[in-house]
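Asks: First the structure, which I've put down as structure tokens, then a few questions once you've had a look.
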Amino acid sequence: MNWRPAFPPFFKLINRILPAKSSQAPVVGFDIGTHFIKAIEIGPLGNSFEIHRWTLEPAEGADTLSALKRAASCMSMKNQIPVASVSGKGTLIRYIDMPRMSLEELRKSFVYEIDKYFPFNPQEIYTDCYIVDPQSKEKKMSVLVAATKKELVDDRIKLFKEAGMELTHVTTDSVVMANAFNQLANTELAAGARAILDIGGSFSNLMILDKGHFPSFTRDIFIGSQELSKEIANILGVDMAKAEELKRSPADQYEEVMQACEVPIGKLIGELQLSFDYFSTEKNIPVVELFLVGGGALLKGIEGAFEKSLNIPVKIWNPLAGLHLGSEAASSDIHLCSSQLGVAIGLALTKV
Ligand SMILES: Nc1ncnc2c1ncn2[C@@H]1O[C@H](COP(=O)(O)OP(=O)(O)OP(=O)(O)O)[C@@H](O)[C@H]1O
Ligand SMILES: [Mg+2]
């Protein structure tokens with residue numbers, strides 16, 4: 001088989017999972033969502049990190065390139081390092097047991113077995129791997145492998161080039177979210193697994209972190225906050241713009257708005273329950289806590305709806321809680337969209 005290099009220098013998926021920031025140049029994380037482009041610049045501050053500036057650019061129905069150019073201009077891109085991710089269909093993470101070997105050896109031997117693990121043509125994907133547990137079973141080690149369609153990564157690089165930026169680091173949403181959560185969430189290590197649900201505009205990404213904090217399970221669920229707006233529009237007989245406004249600021253129509261959201265939220269919960277059951281049976285570890293993040297988590301009271309059905313504590317994760325705010329960020333309204341910035345923050349914390 002004629003293998004082209006499987007690990008081009010710009011694609012380091014999994015080895016970014018344990019961050020230890022080394023570069024002094026600030027990193028700008030660009031989260032290219034279907035509804036909003038989120039960008040945030042984070043630099044080191046003592047033993048911690050500080051948010052310098054950030055932006056949120058509407059991308060829904062707009063031309064992504066123009067939205068990205070606006071975001072880059074807000075971030076005054078000069079010597080900062082841009083980092084971006086890909087997600088959804090065409091990206092996959094798997095956990096496999098391999099004979100024990102070094103990461104270097106693993107990377108070399110793994111490329112010959114790619115087609116065993118991913119339902120993609122090996123010629124059309126980039127892959128990377130990370131040793132999660134070097135001594136998981138007798139003479140075996142547990143390995144996290146990730147693959148993404150080359151065209152997704154290549155398109156990202158092209159988009160950034162057109163916006164005047166050279167993108168040298170691309171990763172996946174699930175990896176950065178796990179990375180950010182492990183670094184920033186100040187949670188007690190519960191006896192069980194924790195789940196994170198990133199509720200975006202078009203889809204939601206579920207991730208379950210096992211007791212070692214690694215993403216043990218990831219899955220895209222094609223229900224996003226947009227479904228809630230559609231239901232509000234249908235049930236309350238308003239157009240989509242009004243439905244969106246009501247979802248964000250329902251004021252005295254709160255009860256009606258939440259009632260309209262019941263069906264799509266119920267569908268999302270149903271999918272979560274299936275995944276939790278599968279995970280608990282497969283791994284023999286119960287999911288004991290759920291954290292909501294993403295723009296969809298900004299719906300007032302959404303955690304209550306999840307908690308009632310799932311019977312486990314459900315919290316909104318605020319990724320800003322573990323970071324300092326520089327003067328420009330501190331005087332902005334960043335707190336109003338904190339949970340929407342999870343992926344962008346994870347990207348900006350990438351070790352480059
Ligand atoms: N204050 C708010 N209250 C309720 N919903 C909100 C609020 N702010 C934003 N949203 C919803 O969040 C969604 C956008 O979230 P986010 O920016 O995480 O999505 P995205 O990353 O662009 O989408 P995707 O991840 O699906 O590509 C929109 O559907 C929007 O209606
Ligand atoms: Mg998103």
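Numbering starts fresh at 1 for the residues of each chain in the structure tokens, the chains themselves are lettered A, B, ... in the order given, and ligands are numbered from 1 as they appear.
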Could the residues of range 101-130 of chain A that have an atom at most 12 Å from range 148-172 of chain A be listed as a tab-separated table, each with its closest atom pair and the distance in Å to one decimal, counting only C-alpha atoms and ordered by chain and ascending residue number?
Replies:
residue	atom	partner	partner_atom	distance
A:Ile114	CA	A:Thr148	CA	11.7
A:Phe118	CA	A:Thr148	CA	9.6
A:Pro119	CA	A:Lys149	CA	10.8
A:Phe120	CA	A:Lys149	CA	7.9
A:Asn121	CA	A:Lys149	CA	9.0
A:Pro122	CA	A:Lys149	CA	9.2
A:Gln123	CA	A:Lys150	CA	8.7
A:Glu124	CA	A:Lys150	CA	5.6
A:Ile125	CA	A:Lys149	CA	4.3
A:Tyr126	CA	A:Thr148	CA	5.5
A:Thr127	CA	A:Thr148	CA	6.5
A:Asp128	CA	A:Thr148	CA	9.2
A:Cys129	CA	A:Thr148	CA	12.0
Asks: For N, CA, C and O atoms, I'd like the residues from the last selection saved as a PDB file, in the first residue's frame.
Replies:
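Saved the output as out20.pdb:
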ATOM      1  N   ILE A 114      -5.321   1.600   9.664  1.00  0.00           N
ATOM      2  CA  ILE A 114      -6.375   2.617   9.714  1.00  0.00           C
ATOM      3  C   ILE A 114      -7.723   2.081   9.232  1.00  0.00           C
ATOM      4  O   ILE A 114      -8.752   2.306   9.862  1.00  0.00           O
ATOM      5  N   PHE A 118     -11.715   2.839  10.947  1.00  0.00           N
ATOM      6  CA  PHE A 118     -12.574   3.933  10.481  1.00  0.00           C
ATOM      7  C   PHE A 118     -13.283   3.562   9.172  1.00  0.00           C
ATOM      8  O   PHE A 118     -12.663   2.981   8.289  1.00  0.00           O
ATOM      9  N   PRO A 119     -14.552   3.956   9.064  1.00  0.00           N
ATOM     10  CA  PRO A 119     -15.293   3.615   7.846  1.00  0.00           C
ATOM     11  C   PRO A 119     -14.993   4.594   6.710  1.00  0.00           C
ATOM     12  O   PRO A 119     -15.892   5.034   5.996  1.00  0.00           O
ATOM     13  N   PHE A 120     -13.745   5.010   6.601  1.00  0.00           N
ATOM     14  CA  PHE A 120     -13.365   5.974   5.574  1.00  0.00           C
ATOM     15  C   PHE A 120     -12.263   5.355   4.721  1.00  0.00           C
ATOM     16  O   PHE A 120     -11.518   4.500   5.186  1.00  0.00           O
ATOM     17  N   ASN A 121     -12.137   5.848   3.500  1.00  0.00           N
ATOM     18  CA  ASN A 121     -11.015   5.447   2.661  1.00  0.00           C
ATOM     19  C   ASN A 121      -9.730   6.011   3.282  1.00  0.00           C
ATOM     20  O   ASN A 121      -9.611   7.234   3.440  1.00  0.00           O
ATOM     21  N   PRO A 122      -8.761   5.154   3.645  1.00  0.00           N
ATOM     22  CA  PRO A 122      -7.549   5.636   4.341  1.00  0.00           C
ATOM     23  C   PRO A 122      -6.819   6.738   3.584  1.00  0.00           C
ATOM     24  O   PRO A 122      -6.136   7.565   4.188  1.00  0.00           O
ATOM     25  N   GLN A 123      -6.963   6.732   2.269  1.00  0.00           N
ATOM     26  CA  GLN A 123      -6.271   7.765   1.474  1.00  0.00           C
ATOM     27  C   GLN A 123      -6.911   9.144   1.671  1.00  0.00           C
ATOM     28  O   GLN A 123      -6.329  10.155   1.331  1.00  0.00           O
ATOM     29  N   GLU A 124      -8.152   9.135   2.197  1.00  0.00           N
ATOM     30  CA  GLU A 124      -8.893  10.395   2.257  1.00  0.00           C
ATOM     31  C   GLU A 124      -8.972  10.985   3.653  1.00  0.00           C
ATOM     32  O   GLU A 124      -9.746  11.908   3.898  1.00  0.00           O
ATOM     33  N   ILE A 125      -8.207  10.400   4.596  1.00  0.00           N
ATOM     34  CA  ILE A 125      -8.306  10.932   5.970  1.00  0.00           C
ATOM     35  C   ILE A 125      -6.936  11.287   6.554  1.00  0.00           C
ATOM     36  O   ILE A 125      -5.913  10.750   6.138  1.00  0.00           O
ATOM     37  N   TYR A 126      -6.960  12.197   7.508  1.00  0.00           N
ATOM     38  CA  TYR A 126      -5.810  12.444   8.370  1.00  0.00           C
ATOM     39  C   TYR A 126      -6.119  11.762   9.694  1.00  0.00           C
ATOM     40  O   TYR A 126      -7.266  11.737  10.139  1.00  0.00           O
ATOM     41  N   THR A 127      -5.091  11.213  10.300  1.00  0.00           N
ATOM     42  CA  THR A 127      -5.323  10.538  11.583  1.00  0.00           C
ATOM     43  C   THR A 127      -4.262  10.957  12.598  1.00  0.00           C
ATOM     44  O   THR A 127      -3.210  11.483  12.236  1.00  0.00           O
ATOM     45  N   ASP A 128      -4.573  10.730  13.846  1.00  0.00           N
ATOM     46  CA  ASP A 128      -3.579  10.927  14.895  1.00  0.00           C
ATOM     47  C   ASP A 128      -3.966  10.027  16.062  1.00  0.00           C
ATOM     48  O   ASP A 128      -5.103   9.546  16.139  1.00  0.00           O
ATOM     49  N   CYS A 129      -3.042   9.783  16.954  1.00  0.00           N
ATOM     50  CA  CYS A 129      -3.355   8.900  18.069  1.00  0.00           C
ATOM     51  C   CYS A 129      -2.658   9.356  19.348  1.00  0.00           C
ATOM     52  O   CYS A 129      -1.712  10.150  19.296  1.00  0.00           O
TER      53      CYS A 129
END
Asks: Please identify every residue of chain A that has at least one atom no farther than 9 Å from an atom of ligand 1, counting only C-alpha atoms and all ligand atoms, and for each give the shortest atom pair and the distance in Å to one decimal, arranged by chain then increasing number, as a tab-separated table.
Replies:
residue	atom	partner	partner_atom_place_in_ligand_line	distance
A:Asp31	CA	ligand 1	21 (O)	7.0
A:Ile32	CA	ligand 1	21 (O)	6.7
A:Gly33	CA	ligand 1	22 (O)	3.3
A:Thr34	CA	ligand 1	27 (O)	3.7
A:His35	CA	ligand 1	22 (O)	3.3
A:Phe36	CA	ligand 1	22 (O)	3.9
A:Ile37	CA	ligand 1	22 (O)	6.3
A:Lys38	CA	ligand 1	17 (O)	7.2
A:Leu56	CA	ligand 1	17 (O)	8.2
A:Pro58	CA	ligand 1	22 (O)	8.0
A:Ala59	CA	ligand 1	22 (O)	7.2
A:Glu60	CA	ligand 1	22 (O)	7.5
A:Ser87	CA	ligand 1	25 (O)	8.4
A:Gly88	CA	ligand 1	27 (O)	8.5
A:Asp198	CA	ligand 1	18 (O)	7.1
A:Ile199	CA	ligand 1	18 (O)	6.0
A:Gly200	CA	ligand 1	19 (O)	3.6
A:Gly201	CA	ligand 1	29 (O)	3.6
A:Ser202	CA	ligand 1	26 (O)	3.6
A:Phe203	CA	ligand 1	26 (O)	4.3
A:Ser204	CA	ligand 1	26 (O)	6.4
A:Asn205	CA	ligand 1	25 (O)	7.9
A:Phe222	CA	ligand 1	26 (O)	8.5
A:Ile223	CA	ligand 1	26 (O)	8.4
A:Gly224	CA	ligand 1	26 (O)	6.0
A:Ser225	CA	ligand 1	29 (O)	4.2
A:Gln226	CA	ligand 1	29 (O)	4.4
A:Glu227	CA	ligand 1	29 (O)	7.9
A:Leu228	CA	ligand 1	29 (O)	7.9
A:Ser229	CA	ligand 1	31 (O)	6.9
A:Glu244	CA	ligand 1	31 (O)	5.8
A:Glu245	CA	ligand 1	31 (O)	8.3
A:Leu246	CA	ligand 1	4 (C)	8.6
A:Lys247	CA	ligand 1	4 (C)	5.2
A:Arg248	CA	ligand 1	3 (N)	3.8
A:Ser249	CA	ligand 1	3 (N)	7.2
A:Val293	CA	ligand 1	18 (O)	7.7
A:Gly294	CA	ligand 1	18 (O)	3.9
A:Gly295	CA	ligand 1	15 (O)	3.2
A:Gly296	CA	ligand 1	12 (O)	4.1
A:Ala297	CA	ligand 1	5 (N)	6.7
A:Leu298	CA	ligand 1	3 (N)	4.3
A:Leu299	CA	ligand 1	4 (C)	3.7
A:Lys300	CA	ligand 1	3 (N)	6.6
A:Leu336	CA	ligand 1	1 (N)	7.3
A:Cys337	CA	ligand 1	8 (N)	6.7
A:Ser339	CA	ligand 1	18 (O)	8.0
A:Gln340	CA	ligand 1	18 (O)	4.9
A:Leu341	CA	ligand 1	18 (O)	7.5
A:Gly342	CA	ligand 1	18 (O)	8.4
A:Val343	CA	ligand 1	21 (O)	8.4
Asks: Rounded to one decimal place, report the CA of Asp97 in chain A-CA of Ser142 in chain A distance in Å.
Replies: 4.7 Å
Asks: Using DSSP on the backbone coordinates, identify the residues of range 41-220 of chain A assigned to strand (DSSP E or B); present them as a compact mmCIF listing (two decimals) with N, CA, C and O atoms, in the first residue's frame.
Replies:
# COMPACT_ATOMS: atom_id res chain seq x y z
N GLU A 41 -8.78 35.48 22.06
CA GLU A 41 -7.32 35.47 22.20
C GLU A 41 -6.95 35.29 23.66
O GLU A 41 -7.43 36.03 24.53
N ILE A 42 -6.11 34.30 23.92
CA ILE A 42 -5.70 34.02 25.30
C ILE A 42 -4.17 33.99 25.35
O ILE A 42 -3.52 33.42 24.46
N GLY A 43 -3.62 34.61 26.35
CA GLY A 43 -2.18 34.58 26.53
C GLY A 43 -1.85 34.15 27.95
O GLY A 43 -2.72 34.15 28.84
N PRO A 44 -0.60 33.76 28.21
CA PRO A 44 -0.23 33.34 29.56
C PRO A 44 -0.24 34.52 30.55
O PRO A 44 0.04 35.65 30.17
N LEU A 45 -0.59 34.23 31.79
CA LEU A 45 -0.52 35.23 32.86
C LEU A 45 -0.08 34.49 34.11
O LEU A 45 -0.88 33.80 34.74
N SER A 48 -1.30 31.08 35.04
CA SER A 48 -2.65 30.93 34.52
C SER A 48 -2.74 31.58 33.13
O SER A 48 -1.73 31.81 32.48
N PHE A 49 -3.96 31.87 32.70
CA PHE A 49 -4.16 32.45 31.38
C PHE A 49 -5.11 33.63 31.46
O PHE A 49 -5.96 33.71 32.35
N GLU A 50 -4.95 34.54 30.50
CA GLU A 50 -5.78 35.74 30.49
C GLU A 50 -6.42 35.92 29.11
O GLU A 50 -5.76 35.74 28.08
N ILE A 51 -7.70 36.27 29.13
CA ILE A 51 -8.39 36.56 27.86
C ILE A 51 -8.07 38.00 27.48
O ILE A 51 -8.32 38.92 28.26
N HIS A 52 -7.49 38.18 26.32
CA HIS A 52 -7.18 39.54 25.86
C HIS A 52 -8.39 40.15 25.16
O HIS A 52 -8.83 41.23 25.50
N ARG A 53 -8.88 39.48 24.15
CA ARG A 53 -10.04 39.99 23.41
C ARG A 53 -10.82 38.83 22.80
O ARG A 53 -10.32 37.71 22.72
N TRP A 54 -12.02 39.14 22.39
CA TRP A 54 -12.87 38.09 21.84
C TRP A 54 -13.89 38.72 20.92
O TRP A 54 -14.10 39.94 20.93
N THR A 55 -14.54 37.87 20.11
CA THR A 55 -15.64 38.37 19.28
C THR A 55 -16.59 37.23 18.91
O THR A 55 -16.22 36.05 18.97
N LEU A 56 -17.78 37.61 18.55
CA LEU A 56 -18.82 36.68 18.15
C LEU A 56 -19.43 37.25 16.88
O LEU A 56 -19.99 38.34 16.92
N GLU A 57 -19.25 36.58 15.76
CA GLU A 57 -19.75 37.10 14.48
C GLU A 57 -20.85 36.21 13.95
O GLU A 57 -20.63 35.01 13.77
N PRO A 58 -22.03 36.76 13.65
CA PRO A 58 -23.10 35.92 13.08
C PRO A 58 -22.64 35.30 11.77
O PRO A 58 -22.04 35.97 10.93
N ILE A 81 -1.19 33.33 16.88
CA ILE A 81 -1.27 32.05 16.17
C ILE A 81 -2.74 31.60 16.12
O ILE A 81 -3.36 31.39 17.17
N PRO A 82 -3.30 31.48 14.90
CA PRO A 82 -4.69 31.02 14.83
C PRO A 82 -4.78 29.50 14.96
O PRO A 82 -3.94 28.78 14.43
N VAL A 83 -5.78 29.03 15.68
CA VAL A 83 -6.03 27.58 15.81
C VAL A 83 -7.51 27.36 15.54
O VAL A 83 -8.35 28.14 16.00
N ALA A 84 -7.83 26.32 14.77
CA ALA A 84 -9.24 26.05 14.46
C ALA A 84 -9.52 24.56 14.55
O ALA A 84 -8.60 23.76 14.73
N SER A 85 -10.79 24.21 14.45
CA SER A 85 -11.16 22.80 14.58
C SER A 85 -12.16 22.41 13.51
O SER A 85 -12.71 23.26 12.82
N VAL A 86 -12.37 21.11 13.40
CA VAL A 86 -13.42 20.59 12.53
C VAL A 86 -14.30 19.70 13.39
O VAL A 86 -13.88 19.26 14.47
N THR A 91 -15.60 13.33 11.05
CA THR A 91 -14.58 13.25 12.10
C THR A 91 -14.99 12.11 13.05
O THR A 91 -16.16 11.97 13.36
N LEU A 92 -14.04 11.33 13.47
CA LEU A 92 -14.36 10.19 14.32
C LEU A 92 -13.26 9.95 15.35
O LEU A 92 -12.08 10.17 15.07
N ILE A 93 -13.68 9.51 16.52
CA ILE A 93 -12.73 9.12 17.56
C ILE A 93 -13.02 7.67 17.94
O ILE A 93 -14.18 7.28 18.02
N ARG A 94 -11.98 6.89 18.13
CA ARG A 94 -12.17 5.49 18.55
C ARG A 94 -11.18 5.17 19.67
O ARG A 94 -10.12 5.80 19.77
N TYR A 95 -11.55 4.19 20.46
CA TYR A 95 -10.66 3.71 21.53
C TYR A 95 -10.29 2.28 21.21
O TYR A 95 -11.18 1.46 20.98
N ILE A 96 -9.02 2.00 21.17
CA ILE A 96 -8.62 0.63 20.82
C ILE A 96 -7.52 0.15 21.77
O ILE A 96 -6.79 0.97 22.35
N ASP A 97 -7.42 -1.16 21.89
CA ASP A 97 -6.31 -1.74 22.65
C ASP A 97 -5.24 -2.15 21.66
O ASP A 97 -5.54 -2.79 20.65
N MET A 98 -4.02 -1.75 21.95
CA MET A 98 -2.90 -2.08 21.05
C MET A 98 -1.79 -2.71 21.89
O MET A 98 -1.70 -2.47 23.09
N PRO A 99 -0.91 -3.50 21.26
CA PRO A 99 0.26 -3.98 22.00
C PRO A 99 1.07 -2.77 22.49
O PRO A 99 1.08 -1.73 21.82
N ILE A 125 -8.21 10.40 4.60
CA ILE A 125 -8.31 10.93 5.97
C ILE A 125 -6.94 11.29 6.55
O ILE A 125 -5.91 10.75 6.14
N TYR A 126 -6.96 12.20 7.51
CA TYR A 126 -5.81 12.44 8.37
C TYR A 126 -6.12 11.76 9.69
O TYR A 126 -7.27 11.74 10.14
N THR A 127 -5.09 11.21 10.30
CA THR A 127 -5.32 10.54 11.58
C THR A 127 -4.26 10.96 12.60
O THR A 127 -3.21 11.48 12.24
N ASP A 128 -4.57 10.73 13.85
CA ASP A 128 -3.58 10.93 14.90
C ASP A 128 -3.97 10.03 16.06
O ASP A 128 -5.10 9.55 16.14
N CYS A 129 -3.04 9.78 16.95
CA CYS A 129 -3.35 8.90 18.07
C CYS A 129 -2.66 9.36 19.35
O CYS A 129 -1.71 10.15 19.30
N TYR A 130 -3.18 8.88 20.45
CA TYR A 130 -2.65 9.27 21.76
C TYR A 130 -2.78 8.08 22.70
O TYR A 130 -3.81 7.41 22.73
N ILE A 131 -1.73 7.82 23.48
CA ILE A 131 -1.80 6.69 24.43
C ILE A 131 -2.52 7.18 25.69
O ILE A 131 -2.03 8.05 26.41
N VAL A 132 -3.70 6.63 25.91
CA VAL A 132 -4.52 7.05 27.05
C VAL A 132 -4.06 6.36 28.32
O VAL A 132 -3.91 6.97 29.36
N ASP A 133 -3.89 5.05 28.23
CA ASP A 133 -3.45 4.28 29.39
C ASP A 133 -2.38 3.30 28.91
O ASP A 133 -2.68 2.33 28.21
N PRO A 134 -1.11 3.54 29.27
CA PRO A 134 -0.03 2.69 28.74
C PRO A 134 -0.08 1.25 29.25
O PRO A 134 0.58 0.38 28.70
N GLN A 135 -0.86 1.01 30.33
CA GLN A 135 -0.90 -0.36 30.88
C GLN A 135 -2.34 -0.79 31.12
O GLN A 135 -2.68 -1.26 32.21
N SER A 136 -3.21 -0.62 30.14
CA SER A 136 -4.63 -0.86 30.38
C SER A 136 -4.93 -2.34 30.68
O SER A 136 -5.63 -2.65 31.62
N LYS A 137 -4.42 -3.23 29.86
CA LYS A 137 -4.67 -4.66 30.08
C LYS A 137 -3.34 -5.37 29.95
O LYS A 137 -2.34 -4.74 29.57
N LYS A 140 -1.14 -4.88 26.97
CA LYS A 140 -1.83 -3.99 26.02
C LYS A 140 -1.84 -2.58 26.57
O LYS A 140 -1.62 -2.35 27.75
N MET A 141 -2.10 -1.65 25.67
CA MET A 141 -2.30 -0.26 26.12
C MET A 141 -3.54 0.28 25.43
O MET A 141 -3.93 -0.18 24.36
N SER A 142 -4.17 1.26 26.08
CA SER A 142 -5.39 1.82 25.53
C SER A 142 -5.04 3.08 24.73
O SER A 142 -4.32 3.95 25.21
N VAL A 143 -5.52 3.12 23.51
CA VAL A 143 -5.13 4.20 22.60
C VAL A 143 -6.37 4.92 22.08
O VAL A 143 -7.38 4.28 21.75
N LEU A 144 -6.27 6.24 22.03
CA LEU A 144 -7.32 7.06 21.46
C LEU A 144 -6.87 7.41 20.05
O LEU A 144 -5.77 7.94 19.86
N VAL A 145 -7.68 7.06 19.07
CA VAL A 145 -7.30 7.40 17.69
C VAL A 145 -8.37 8.29 17.09
O VAL A 145 -9.56 8.12 17.39
N ALA A 146 -7.94 9.24 16.31
CA ALA A 146 -8.90 10.15 15.70
C ALA A 146 -8.64 10.23 14.21
O ALA A 146 -7.50 10.11 13.76
N ALA A 147 -9.70 10.40 13.47
CA ALA A 147 -9.55 10.55 12.02
C ALA A 147 -10.48 11.65 11.56
O ALA A 147 -11.55 11.86 12.14
N THR A 148 -10.06 12.34 10.55
CA THR A 148 -10.95 13.33 9.97
C THR A 148 -10.72 13.38 8.47
O THR A 148 -9.61 13.16 8.00
N LYS A 149 -11.78 13.60 7.73
CA LYS A 149 -11.66 13.65 6.27
C LYS A 149 -10.71 14.78 5.90
O LYS A 149 -10.83 15.90 6.40
N HIS A 169 -2.54 24.86 12.89
CA HIS A 169 -3.03 23.89 13.88
C HIS A 169 -4.52 23.67 13.70
O HIS A 169 -5.29 24.61 13.82
N VAL A 170 -4.86 22.43 13.44
CA VAL A 170 -6.28 22.06 13.31
C VAL A 170 -6.54 20.87 14.22
O VAL A 170 -5.74 19.94 14.27
N THR A 171 -7.64 20.91 14.95
CA THR A 171 -7.97 19.80 15.83
C THR A 171 -9.47 19.52 15.71
O THR A 171 -10.10 19.97 14.76
N THR A 172 -10.04 18.75 16.63
CA THR A 172 -11.48 18.51 16.54
C THR A 172 -12.18 19.12 17.76
O THR A 172 -11.59 19.25 18.83
N ALA A 193 -18.57 8.77 35.61
CA ALA A 193 -18.18 9.56 34.44
C ALA A 193 -19.00 10.85 34.36
O ALA A 193 -20.09 10.93 34.90
N ARG A 194 -18.40 11.85 33.71
CA ARG A 194 -19.11 13.11 33.53
C ARG A 194 -19.36 13.34 32.05
O ARG A 194 -18.50 13.03 31.23
N ALA A 195 -20.53 13.86 31.75
CA ALA A 195 -20.86 14.11 30.34
C ALA A 195 -20.89 15.60 30.08
O ALA A 195 -21.24 16.39 30.97
N ILE A 196 -20.49 15.97 28.87
CA ILE A 196 -20.57 17.37 28.45
C ILE A 196 -21.40 17.39 27.17
O ILE A 196 -21.14 16.61 26.25
N LEU A 197 -22.40 18.26 27.13
CA LEU A 197 -23.20 18.38 25.92
C LEU A 197 -23.05 19.80 25.38
O LEU A 197 -23.43 20.77 26.04
N ASP A 198 -22.46 19.90 24.19
CA ASP A 198 -22.30 21.21 23.54
C ASP A 198 -23.51 21.39 22.62
O ASP A 198 -23.60 20.74 21.57
N ILE A 199 -24.43 22.25 23.04
CA ILE A 199 -25.64 22.46 22.23
C ILE A 199 -25.39 23.63 21.28
O ILE A 199 -25.37 24.79 21.69
N SER A 204 -25.73 18.99 18.30
CA SER A 204 -25.15 18.97 19.65
C SER A 204 -24.11 17.86 19.70
O SER A 204 -24.28 16.82 19.07
N ASN A 205 -23.05 18.13 20.42
CA ASN A 205 -21.98 17.14 20.54
C ASN A 205 -21.93 16.64 21.98
O ASN A 205 -21.78 17.43 22.90
N LEU A 206 -22.10 15.32 22.11
CA LEU A 206 -22.05 14.72 23.44
C LEU A 206 -20.70 14.07 23.65
O LEU A 206 -20.19 13.39 22.76
N MET A 207 -20.16 14.30 24.82
CA MET A 207 -18.87 13.70 25.14
C MET A 207 -18.94 13.16 26.56
O MET A 207 -19.48 13.83 27.43
N ILE A 208 -18.44 11.97 26.77
CA ILE A 208 -18.41 11.43 28.13
C ILE A 208 -16.96 11.24 28.53
O ILE A 208 -16.18 10.61 27.81
N LEU A 209 -16.60 11.88 29.64
CA LEU A 209 -15.22 11.79 30.14
C LEU A 209 -15.19 10.73 31.24
O LEU A 209 -15.97 10.81 32.18
N PRO A 215 -11.84 11.75 26.93
CA PRO A 215 -13.13 11.55 26.29
C PRO A 215 -13.28 10.07 25.92
O PRO A 215 -12.55 9.56 25.10
N SER A 216 -14.17 9.38 26.60
CA SER A 216 -14.33 7.94 26.38
C SER A 216 -15.37 7.66 25.33
O SER A 216 -15.49 6.55 24.86
N PHE A 217 -16.20 8.64 25.08
CA PHE A 217 -17.31 8.43 24.15
C PHE A 217 -17.66 9.79 23.56
O PHE A 217 -17.74 10.77 24.29
N THR A 218 -17.80 9.86 22.27
CA THR A 218 -18.27 11.12 21.67
C THR A 218 -19.30 10.79 20.61
O THR A 218 -19.23 9.74 19.97
N ARG A 219 -20.23 11.67 20.45
CA ARG A 219 -21.29 11.45 19.48
C ARG A 219 -21.95 12.77 19.09
O ARG A 219 -22.16 13.62 19.95
N ASP A 220 -22.22 12.94 17.81
CA ASP A 220 -22.98 14.11 17.36
C ASP A 220 -24.45 13.75 17.32
O ASP A 220 -24.81 12.69 16.83
Asks: Skipping near chain neighbours, those fewer than 3 positions away, what residues fall within 8 Å of range 272-275 of chain A using only C-alpha atoms, listed as an mmCIF file with all heavy atoms, in the first residue's frame?
Replies:
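Ended up saving to out.cif:
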data_model
loop_
_atom_site.group_PDB
_atom_site.id
_atom_site.type_symbol
_atom_site.label_atom_id
_atom_site.label_comp_id
_atom_site.auth_asym_id
_atom_site.auth_seq_id
_atom_site.Cartn_x
_atom_site.Cartn_y
_atom_site.Cartn_z
ATOM 1 N N LEU A 206 -22.104 15.324 22.109
ATOM 2 C CA LEU A 206 -22.055 14.719 23.444
ATOM 3 C C LEU A 206 -20.700 14.066 23.649
ATOM 4 O O LEU A 206 -20.187 13.391 22.760
ATOM 5 C CB LEU A 206 -23.156 13.648 23.565
ATOM 6 C CG LEU A 206 -23.096 12.785 24.834
ATOM 7 C CD1 LEU A 206 -23.390 13.607 26.079
ATOM 8 C CD2 LEU A 206 -24.072 11.611 24.736
ATOM 9 N N LEU A 268 -33.718 15.426 22.528
ATOM 10 C CA LEU A 268 -32.288 15.496 22.866
ATOM 11 C C LEU A 268 -32.006 14.632 24.100
ATOM 12 O O LEU A 268 -31.049 13.848 24.136
ATOM 13 C CB LEU A 268 -31.934 16.968 23.119
ATOM 14 C CG LEU A 268 -30.500 17.431 23.060
ATOM 15 C CD1 LEU A 268 -29.769 16.887 21.857
ATOM 16 C CD2 LEU A 268 -30.454 18.971 23.047
ATOM 17 N N ILE A 269 -32.884 14.751 25.096
ATOM 18 C CA ILE A 269 -32.716 13.970 26.329
ATOM 19 C C ILE A 269 -32.811 12.471 26.022
ATOM 20 O O ILE A 269 -32.031 11.668 26.542
ATOM 21 C CB ILE A 269 -33.762 14.390 27.392
ATOM 22 C CG1 ILE A 269 -33.468 15.822 27.869
ATOM 23 C CG2 ILE A 269 -33.789 13.416 28.575
ATOM 24 C CD1 ILE A 269 -34.520 16.439 28.773
ATOM 25 N N TYR A 278 -25.898 3.018 27.004
ATOM 26 C CA TYR A 278 -24.898 2.267 26.253
ATOM 27 C C TYR A 278 -23.543 2.354 26.959
ATOM 28 O O TYR A 278 -22.865 1.354 27.191
ATOM 29 C CB TYR A 278 -24.803 2.824 24.830
ATOM 30 C CG TYR A 278 -23.600 2.324 24.076
ATOM 31 C CD1 TYR A 278 -23.625 1.068 23.453
ATOM 32 C CD2 TYR A 278 -22.433 3.082 24.002
ATOM 33 C CE1 TYR A 278 -22.503 0.601 22.782
ATOM 34 C CE2 TYR A 278 -21.311 2.614 23.331
ATOM 35 C CZ TYR A 278 -21.359 1.373 22.730
ATOM 36 O OH TYR A 278 -20.253 0.914 22.078
ATOM 37 N N PHE A 279 -23.172 3.585 27.339
ATOM 38 C CA PHE A 279 -21.869 3.819 27.970
ATOM 39 C C PHE A 279 -21.761 3.051 29.292
ATOM 40 O O PHE A 279 -20.768 2.382 29.560
ATOM 41 C CB PHE A 279 -21.660 5.324 28.195
ATOM 42 C CG PHE A 279 -20.360 5.655 28.857
ATOM 43 C CD1 PHE A 279 -19.208 5.832 28.107
ATOM 44 C CD2 PHE A 279 -20.267 5.783 30.243
ATOM 45 C CE1 PHE A 279 -17.997 6.121 28.716
ATOM 46 C CE2 PHE A 279 -19.060 6.064 30.858
ATOM 47 C CZ PHE A 279 -17.922 6.245 30.098
ATOM 48 N N LEU A 310 -33.308 13.302 33.543
ATOM 49 C CA LEU A 310 -32.143 12.417 33.622
ATOM 50 C C LEU A 310 -31.822 11.964 35.047
ATOM 51 O O LEU A 310 -31.058 11.020 35.252
ATOM 52 C CB LEU A 310 -30.907 13.113 33.033
ATOM 53 C CG LEU A 310 -30.929 13.341 31.518
ATOM 54 C CD1 LEU A 310 -29.773 14.238 31.089
ATOM 55 C CD2 LEU A 310 -30.851 12.017 30.762
#
